[in-house]
Each structure stands twice: as structure tokens, then as C-alpha cells.
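Peer 1: Contents of run01.pdb (PDB, C-alpha atoms):
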```pdb
ATOM      1  CA  MET A   1     133.949 -34.522  93.385
ATOM      2  CA  GLY A   2     132.257 -35.243  90.031
ATOM      3  CA  ASN A   3     128.874 -34.052  91.311
ATOM      4  CA  SER A   4     130.397 -30.807  92.524
ATOM      5  CA  LYS A   5     131.853 -30.061  89.072
ATOM      6  CA  ARG A   6     128.561 -30.940  87.409
ATOM      7  CA  SER A   7     126.525 -28.684  89.714
ATOM      8  CA  CYS A   8     129.037 -25.850  89.251
ATOM      9  CA  ARG A   9     128.847 -26.283  85.470
ATOM     10  CA  GLY A  10     125.011 -26.388  85.638
ATOM     11  CA  LEU A  11     125.009 -23.205  87.697
ATOM     12  CA  LYS A  12     127.274 -21.484  85.166
ATOM     13  CA  VAL A  13     125.032 -22.580  82.265
ATOM     14  CA  CYS A  14     121.908 -21.380  84.120
ATOM     15  CA  CYS A  15     123.507 -17.999  84.885
ATOM     16  CA  GLY A  16     124.708 -17.670  81.280
ATOM     17  CA  VAL A  17     121.270 -18.445  79.838
ATOM     18  CA  THR A  18     119.623 -16.034  82.317
ATOM     19  CA  ALA A  19     122.113 -13.291  81.394
ATOM     20  CA  ILE A  20     121.481 -13.837  77.655
ATOM     21  CA  LEU A  21     117.700 -13.694  78.214
ATOM     22  CA  LEU A  22     117.994 -10.481  80.288
ATOM     23  CA  ILE A  23     120.250  -8.845  77.677
ATOM     24  CA  SER A  24     117.835  -9.885  74.902
ATOM     25  CA  LEU A  25     114.841  -8.537  76.828
ATOM     26  CA  LEU A  26     116.662  -5.278  77.580
ATOM     27  CA  THR A  27     117.620  -4.915  73.898
ATOM     28  CA  VAL A  28     114.008  -5.462  72.785
ATOM     29  CA  LEU A  29     112.766  -2.876  75.316
ATOM     30  CA  ILE A  30     115.337  -0.290  74.188
ATOM     31  CA  VAL A  31     114.440  -0.853  70.525
ATOM     32  CA  LEU A  32     110.736  -0.456  71.326
ATOM     33  CA  LEU A  33     111.371   2.742  73.295
ATOM     34  CA  LEU A  34     113.447   4.214  70.482
ATOM     35  CA  THR A  35     111.030   3.269  67.683
ATOM     36  CA  LEU A  36     107.450   2.400  68.519
ATOM     37  CA  PHE A  37     107.162   4.263  71.831
ATOM     38  CA  LYS A  38     109.328   7.216  70.798
ATOM     39  CA  PRO A  39     107.382  10.413  71.552
ATOM     40  CA  LYS A  40     105.949  11.988  68.412
ATOM     41  CA  GLU A  41     104.677  15.496  68.008
ATOM     42  CA  PRO A  42     100.913  15.665  68.384
ATOM     43  CA  LYS A  43      99.320  16.858  65.151
ATOM     44  CA  ILE A  44      97.497  20.093  65.882
ATOM     45  CA  THR A  45      95.029  21.495  63.399
ATOM     46  CA  SER A  46      93.306  24.820  63.803
ATOM     47  CA  GLU A  47      89.944  24.700  62.120
ATOM     48  CA  PRO A  48      88.946  27.899  60.333
ATOM     49  CA  PRO A  49      87.228  30.185  62.848
ATOM     50  CA  THR A  50      83.496  30.674  62.443
ATOM     51  CA  LEU A  51      81.630  33.933  62.675
ATOM     52  CA  GLU A  52      78.923  33.212  65.246
ATOM     53  CA  ASN A  53      77.587  36.745  65.610
ATOM     54  CA  PHE A  54      78.328  40.028  63.803
ATOM     55  CA  ASP A  55      76.471  43.307  64.243
ATOM     56  CA  LEU A  56      78.043  46.618  63.176
ATOM     57  CA  ILE A  57      76.147  49.879  63.597
ATOM     58  CA  PHE A  58      77.689  53.218  62.552
ATOM     59  CA  PHE A  59      74.964  55.696  63.526
ATOM     60  CA  PRO A  60      74.336  57.406  65.927
ATOM     61  CA  VAL A  61      77.287  55.770  67.767
ATOM     62  CA  ILE A  62      79.658  53.083  66.497
ATOM     63  CA  GLU A  63      78.655  49.788  68.047
ATOM     64  CA  LEU A  64      80.074  46.364  67.358
ATOM     65  CA  ASN A  65      79.006  42.986  68.635
ATOM     66  CA  MET A  66      81.117  40.143  67.249
ATOM     67  CA  THR A  67      81.669  36.555  68.437
ATOM     68  CA  LEU A  68      84.148  34.116  66.855
ATOM     69  CA  GLY A  69      84.070  30.350  67.297
ATOM     70  CA  ILE A  70      87.488  28.682  67.425
ATOM     71  CA  VAL A  71      88.109  24.921  67.251
ATOM     72  CA  VAL A  72      91.547  23.323  67.626
ATOM     73  CA  THR A  73      91.848  19.581  66.927
ATOM     74  CA  VAL A  74      94.688  17.738  68.655
ATOM     75  CA  ASP A  75      95.585  14.323  67.208
ATOM     76  CA  ASN A  76      97.748  12.516  69.756
ATOM     77  CA  ARG A  77      99.789  10.026  67.709
ATOM     78  CA  ASN A  78     101.690   8.770  70.757
ATOM     79  CA  TYR A  79     101.243   5.584  72.737
ATOM     80  CA  GLY A  80     100.956   7.834  75.767
ATOM     81  CA  SER A  81      98.391  10.413  76.838
ATOM     82  CA  PHE A  82      98.831  14.192  76.406
ATOM     83  CA  LYS A  83      97.673  16.232  79.378
ATOM     84  CA  TYR A  84      97.515  20.000  78.888
ATOM     85  CA  LYS A  85      97.074  22.855  81.348
ATOM     86  CA  ASN A  86      94.628  25.763  81.398
ATOM     87  CA  SER A  87      95.393  28.211  78.625
ATOM     88  CA  THR A  88      94.007  31.255  76.850
ATOM     89  CA  ALA A  89      93.286  31.985  73.190
ATOM     90  CA  TYR A  90      93.961  35.568  72.076
ATOM     91  CA  VAL A  91      92.638  37.553  69.113
ATOM     92  CA  SER A  92      94.558  40.671  68.040
ATOM     93  CA  TYR A  93      93.688  43.531  65.725
ATOM     94  CA  HIS A  94      96.720  45.433  64.397
ATOM     95  CA  GLY A  95      98.812  44.238  67.347
ATOM     96  CA  ILE A  96      96.278  45.054  70.093
ATOM     97  CA  VAL A  97      94.523  42.196  71.919
ATOM     98  CA  VAL A  98      90.793  42.708  71.382
ATOM     99  CA  ALA A  99      89.516  39.342  72.641
ATOM    100  CA  GLU A 100      90.547  36.435  74.782
ATOM    101  CA  ALA A 101      88.959  33.167  75.815
ATOM    102  CA  PRO A 102      89.960  30.600  78.417
ATOM    103  CA  ILE A 103      90.720  27.022  77.418
ATOM    104  CA  GLU A 104      90.197  24.574  80.262
ATOM    105  CA  ASP A 105      92.767  21.890  81.005
ATOM    106  CA  GLY A 106      92.181  18.438  79.640
ATOM    107  CA  LYS A 107      93.644  15.102  78.675
ATOM    108  CA  ILE A 108      93.919  13.502  75.265
ATOM    109  CA  PRO A 109      94.154   9.711  75.421
ATOM    110  CA  ALA A 110      96.861   7.724  73.699
ATOM    111  CA  ARG A 111      96.310   7.461  69.923
ATOM    112  CA  GLY A 112      93.182   9.629  70.246
ATOM    113  CA  LYS A 113      91.787  12.917  68.910
ATOM    114  CA  HIS A 114      90.269  15.743  70.896
ATOM    115  CA  ASN A 115      88.495  18.933  69.795
ATOM    116  CA  ILE A 116      89.126  21.984  71.930
ATOM    117  CA  SER A 117      86.501  24.608  71.175
ATOM    118  CA  THR A 118      85.736  28.031  72.553
ATOM    119  CA  SER A 119      83.818  31.188  71.667
ATOM    120  CA  ILE A 120      85.526  34.548  71.736
ATOM    121  CA  THR A 121      83.619  37.804  72.115
ATOM    122  CA  VAL A 122      85.508  40.793  70.725
ATOM    123  CA  PHE A 123      85.840  43.824  73.012
ATOM    124  CA  ALA A 124      84.127  46.485  70.936
ATOM    125  CA  ASP A 125      85.658  49.426  72.803
ATOM    126  CA  LYS A 126      89.240  48.259  72.113
ATOM    127  CA  LEU A 127      88.412  47.595  68.465
ATOM    128  CA  ALA A 128      86.544  50.852  67.829
ATOM    129  CA  SER A 129      89.260  52.934  69.518
ATOM    130  CA  ASN A 130      91.890  51.599  67.114
ATOM    131  CA  SER A 131      92.841  54.165  64.462
ATOM    132  CA  ASN A 132      92.637  51.535  61.689
ATOM    133  CA  PHE A 133      89.079  50.456  62.483
ATOM    134  CA  LEU A 134      87.112  53.044  60.469
ATOM    135  CA  GLY A 135      89.290  52.683  57.352
ATOM    136  CA  ASP A 136      89.083  48.886  57.496
ATOM    137  CA  SER A 137      85.314  49.014  58.101
ATOM    138  CA  PHE A 138      84.747  51.184  55.028
ATOM    139  CA  SER A 139      87.023  48.949  52.935
ATOM    140  CA  GLY A 140      84.802  46.025  53.965
ATOM    141  CA  VAL A 141      87.485  43.782  55.547
ATOM    142  CA  LEU A 142      88.609  43.476  59.176
ATOM    143  CA  ASN A 143      91.902  41.577  59.605
ATOM    144  CA  PHE A 144      92.648  39.786  62.876
ATOM    145  CA  SER A 145      95.188  37.278  64.117
ATOM    146  CA  SER A 146      94.609  34.626  66.762
ATOM    147  CA  THR A 147      97.148  32.744  68.868
ATOM    148  CA  THR A 148      96.705  29.738  71.102
ATOM    149  CA  THR A 149      99.338  27.983  73.201
ATOM    150  CA  LEU A 150      98.808  24.640  74.928
ATOM    151  CA  ARG A 151     101.441  23.462  77.421
ATOM    152  CA  GLY A 152     101.430  20.006  78.924
ATOM    153  CA  LYS A 153     103.038  16.589  79.228
ATOM    154  CA  VAL A 154     103.132  13.421  77.186
ATOM    155  CA  SER A 155     103.062  10.378  79.511
ATOM    156  CA  MET A 156     104.646   7.204  78.163
ATOM    157  CA  LEU A 157     103.872   3.942  79.983
ATOM    158  CA  LYS A 158     103.027   5.993  83.113
ATOM    159  CA  PHE A 159     106.766   6.216  83.879
ATOM    160  CA  PHE A 160     108.127   8.758  81.423
ATOM    161  CA  ASN A 161     106.757  12.299  81.310
ATOM    162  CA  ILE A 162     107.948  14.589  78.527
ATOM    163  CA  LYS A 163     107.013  18.268  78.427
ATOM    164  CA  ALA A 164     105.336  19.451  75.240
ATOM    165  CA  SER A 165     104.068  22.817  73.999
ATOM    166  CA  SER A 166     101.939  23.498  70.958
ATOM    167  CA  TYR A 167     101.563  26.868  69.278
ATOM    168  CA  SER A 168      98.817  27.705  66.834
ATOM    169  CA  SER A 169      98.278  30.982  64.992
ATOM    170  CA  CYS A 170      95.677  32.070  62.455
ATOM    171  CA  ASP A 171      95.331  35.089  60.181
ATOM    172  CA  ILE A 172      91.619  35.902  60.037
ATOM    173  CA  SER A 173      89.803  38.152  57.553
ATOM    174  CA  ILE A 174      86.179  39.098  58.195
ATOM    175  CA  PHE A 175      84.241  40.387  55.193
ATOM    176  CA  ILE A 176      81.627  42.816  56.488
ATOM    177  CA  GLN A 177      79.260  42.874  53.469
ATOM    178  CA  LYS A 178      79.065  39.072  53.129
ATOM    179  CA  GLN A 179      79.370  38.515  56.890
ATOM    180  CA  SER A 180      81.786  35.710  56.142
ATOM    181  CA  ILE A 181      85.208  34.744  57.372
ATOM    182  CA  ASP A 182      88.426  33.472  55.778
ATOM    183  CA  SER A 183      91.505  32.256  57.630
ATOM    184  CA  VAL A 184      94.928  30.660  57.253
ATOM    185  CA  CYS A 185      96.286  28.740  60.247
ATOM    186  CA  LYS A 186      99.737  27.390  61.199
ATOM    187  CA  SER A 187     100.693  25.045  64.037
ATOM    188  CA  LYS A 188     104.006  24.122  65.662
ATOM    189  CA  VAL A 189     104.856  21.700  68.486
ATOM    190  CA  ARG A 190     107.921  21.585  70.733
ATOM    191  CA  LEU A 191     108.840  18.546  72.797
TER
END
```
Could you spell out this file's structure in C-alpha cells?
Peer 2:
Amino acid sequence: MGNSKRSCRGLKVCCGVTAILLISLLTVLIVLLLTLFKPKEPKITSEPPTLENFDLIFFPVIELNMTLGIVVTVDNRNYGSFKYKNSTAYVSYHGIVVAEAPIEDGKIPARGKHNISTSITVFADKLASNSNFLGDSFSGVLNFSSTTTLRGKVSMLKFFNIKASSYSSCDISIFIQKQSIDSVCKSKVRL
């Protein structure tokens, strides 16, 4: 009878210690998930666009050949990878889309940076047919805006997938005489 009480008491102690260890381990995991592994917004920086090619001819017919280089840097500050889908970058002139460029899908590793770059050729016919084009050309400044949206998922520990979308917009001014470019960019991320 004494051995039976001892083994029952030993079993209770073993179960109690195991329960305390499991609760402690679960608490540590929850704290880590809520602090260290908590999904953070990727930091998205739009580099100022570059003017790769610019030719404007007024006579005998208005012709324009312009190519912009766009680079978006995504800094994934998470302990999980960010995988984004195919997307498109758009350039508008007074509300009319005059250029677009595809952005291929990709993956940014955990705690890593990735440059997404593309070249955009402006559709000269859409630009020249705009009623503001001649006035802006003679003033020496063409004002554009560009927008880029990346949609994807942040994967944490290969178990948790959280949808994320990043929006980037730039106001671009092209100075015809200097053949230079100036821009102001803003980025926003939604998890």
C-alpha cells in the first residue's frame, strides 16, 4: 500500500512538472510571436526616377522619345520572407496613363533588401495628344506622377501567411532644357 501511494504521488509530481514546463514553453512562444516575430511593415523606398532617354522634336511633326528608369527598394524587416505577385508600374500625365511597365513577381528573404527596377517608355502619341502638352513643353517642365502597387504575403516560420500590400507614388518633374528630373515619392504599406 505504501508503494502505491508513493508511485501515485510521483506520477502527480511528474505530471505537475510537465504541465508547468508546457505552460512556460507556451508562454515564451506567445511572447516571441507578439514581440520579436510580430509582422512589421516592410520599408519601401522609391528611388528618384532617372531620365534614361529624352528626345523632343517640334518640327516638322511633334515627336517624343522618353524612357524613365524606376527603382523601388523593399527592406523586409520581418523574420519571414515577403513574396509579391506580378504587378505594373504606371506613369500618368494630367490624369492620363502615358506609360506602364510590368514588374515580375519575386521573393524578398527574411531581414533582407531587394531592388525592383524597371524602365518605362512613355507613349508619345498619348502624351502629345494631351491638351496640356504644348503649354508645358514651352514652359520647360513636364509634370508626371507614377504609381506602383505590390501585393503579396509575409510568411512567418513557414506556418503563418499574412497578406501585405505596398503602395508607392511619385510626383515627377522633367526639365526639358536641362534634361534633368526631380521627384518626390511617398510609400504606404497595409498588412
Peer 1: Quick one: which residues end up in the PyMOL selection byres ((chain A and resi 50-53) around 12) for this structure, as a PyMOL selection string?
Peer 2: chain A and resi 46-49+54-56+64-71+117-122+172-176+178-183
Peer 1: Could you tell me which residues the PyMOL selection byres ((chain A and resi 113) around 10) grabs in this file, written as a list of chain:residue names?
Peer 2: A:Pro42, A:Lys43, A:Ile44, A:Thr73, A:Val74, A:Asp75, A:Asn76, A:Arg77, A:Ile108, A:Pro109, A:Ala110, A:Arg111, A:Gly112, A:His114, A:Asn115, A:Ile116
Peer 1: Between A:Pro102, A:Leu150, A:Tyr93, A:Thr35, which residue has the minimum interatomic distance to Ser131 in chain A, considering all atoms listed in the file?
Peer 2: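 So, comparing all the options, the nearest one is A:Tyr93.
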Peer 1: A:Ser166, A:Ser87, A:Ser139, A:Ser4: which is nearest Lys186 in chain A, counting all atoms listed in the file?
Peer 2: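 Selected residue with least distance to Lys186 in chain A: A:Ser166.
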Peer 1: At what distance in Å, to one decimal, does CA of Met156 in chain A lie from CA of Leu33 in chain A?
Peer 2: 9.4 Å
Peer 1: In Å, rounded to a single decimal, give me how far CA of Asp125 in chain A is from CA of Thr88 in chain A.
Peer 2: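 Distance reported for this atom pair: 20.4 Å.
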Peer 1: Report, in Å with one decimal, the straight-line distance from CA of Val97 in chain A to CA of Phe123 in chain A.
Peer 2: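 We find that CA of Val97 in chain A and CA of Phe123 in chain A lie 8.9 Å from each other.
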Peer 1: Mind checking which residues fall within 6 Å of Gly152 in chain A, counting all atoms listed in the file, ignoring those fewer than 2 positions away in the same chain, and posting them as a list in words?
Peer 2: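 Once the nearby chain positions are removed, what remains is Lys83, Tyr84, Lys85, Lys163 and Ala164 of chain A.
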Peer 1: Given only C-alpha atoms as the basis, pick out the residue of A:Asn161, A:Ser24, A:Ser169, A:Thr148 nearest to Phe82 in chain A.
Peer 2: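 Ranked by minimum distance to Phe82 in chain A, first place goes to A:Asn161.
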Peer 1: Applied to the shown file, which residues does the PyMOL selection byres ((chain A and resi 137) around 10) return, written as a list in words?
Peer 2: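 With the shown file as input, the PyMOL selection byres ((chain A and resi 137) around 10) matches Leu56, Phe58, Ala128, Asn132, Phe133, Leu134, Gly135, Asp136, Phe138, Ser139, Gly140, Val141, Leu142, Ile174, Phe175, Ile176 and Gln177 of chain A.
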Peer 1: Choose the residue, out of A:Ala89, A:Val98, A:Leu32, A:Ile162, that has the smallest atom-to-atom separation from Thr149 in chain A; count all atoms listed in the file.
Peer 2: A:Ala89
Peer 1: Tell me, as a tab-separated table (two decimals) with C-alpha atoms, in the coordinates of the input, which residues lie within 6 Å of Ser155 in chain A, counting all atoms listed in the file; anything in the same chain fewer than 5 positions away does not count.
Peer 2:
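The resulting file, part00.tsv, is reproduced below:
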```tsv
chain	number	residue	atom	x	y	z
A	80	GLY	CA	100.96	7.83	75.77
A	81	SER	CA	98.39	10.41	76.84
A	160	PHE	CA	108.13	8.76	81.42
A	161	ASN	CA	106.76	12.30	81.31
```
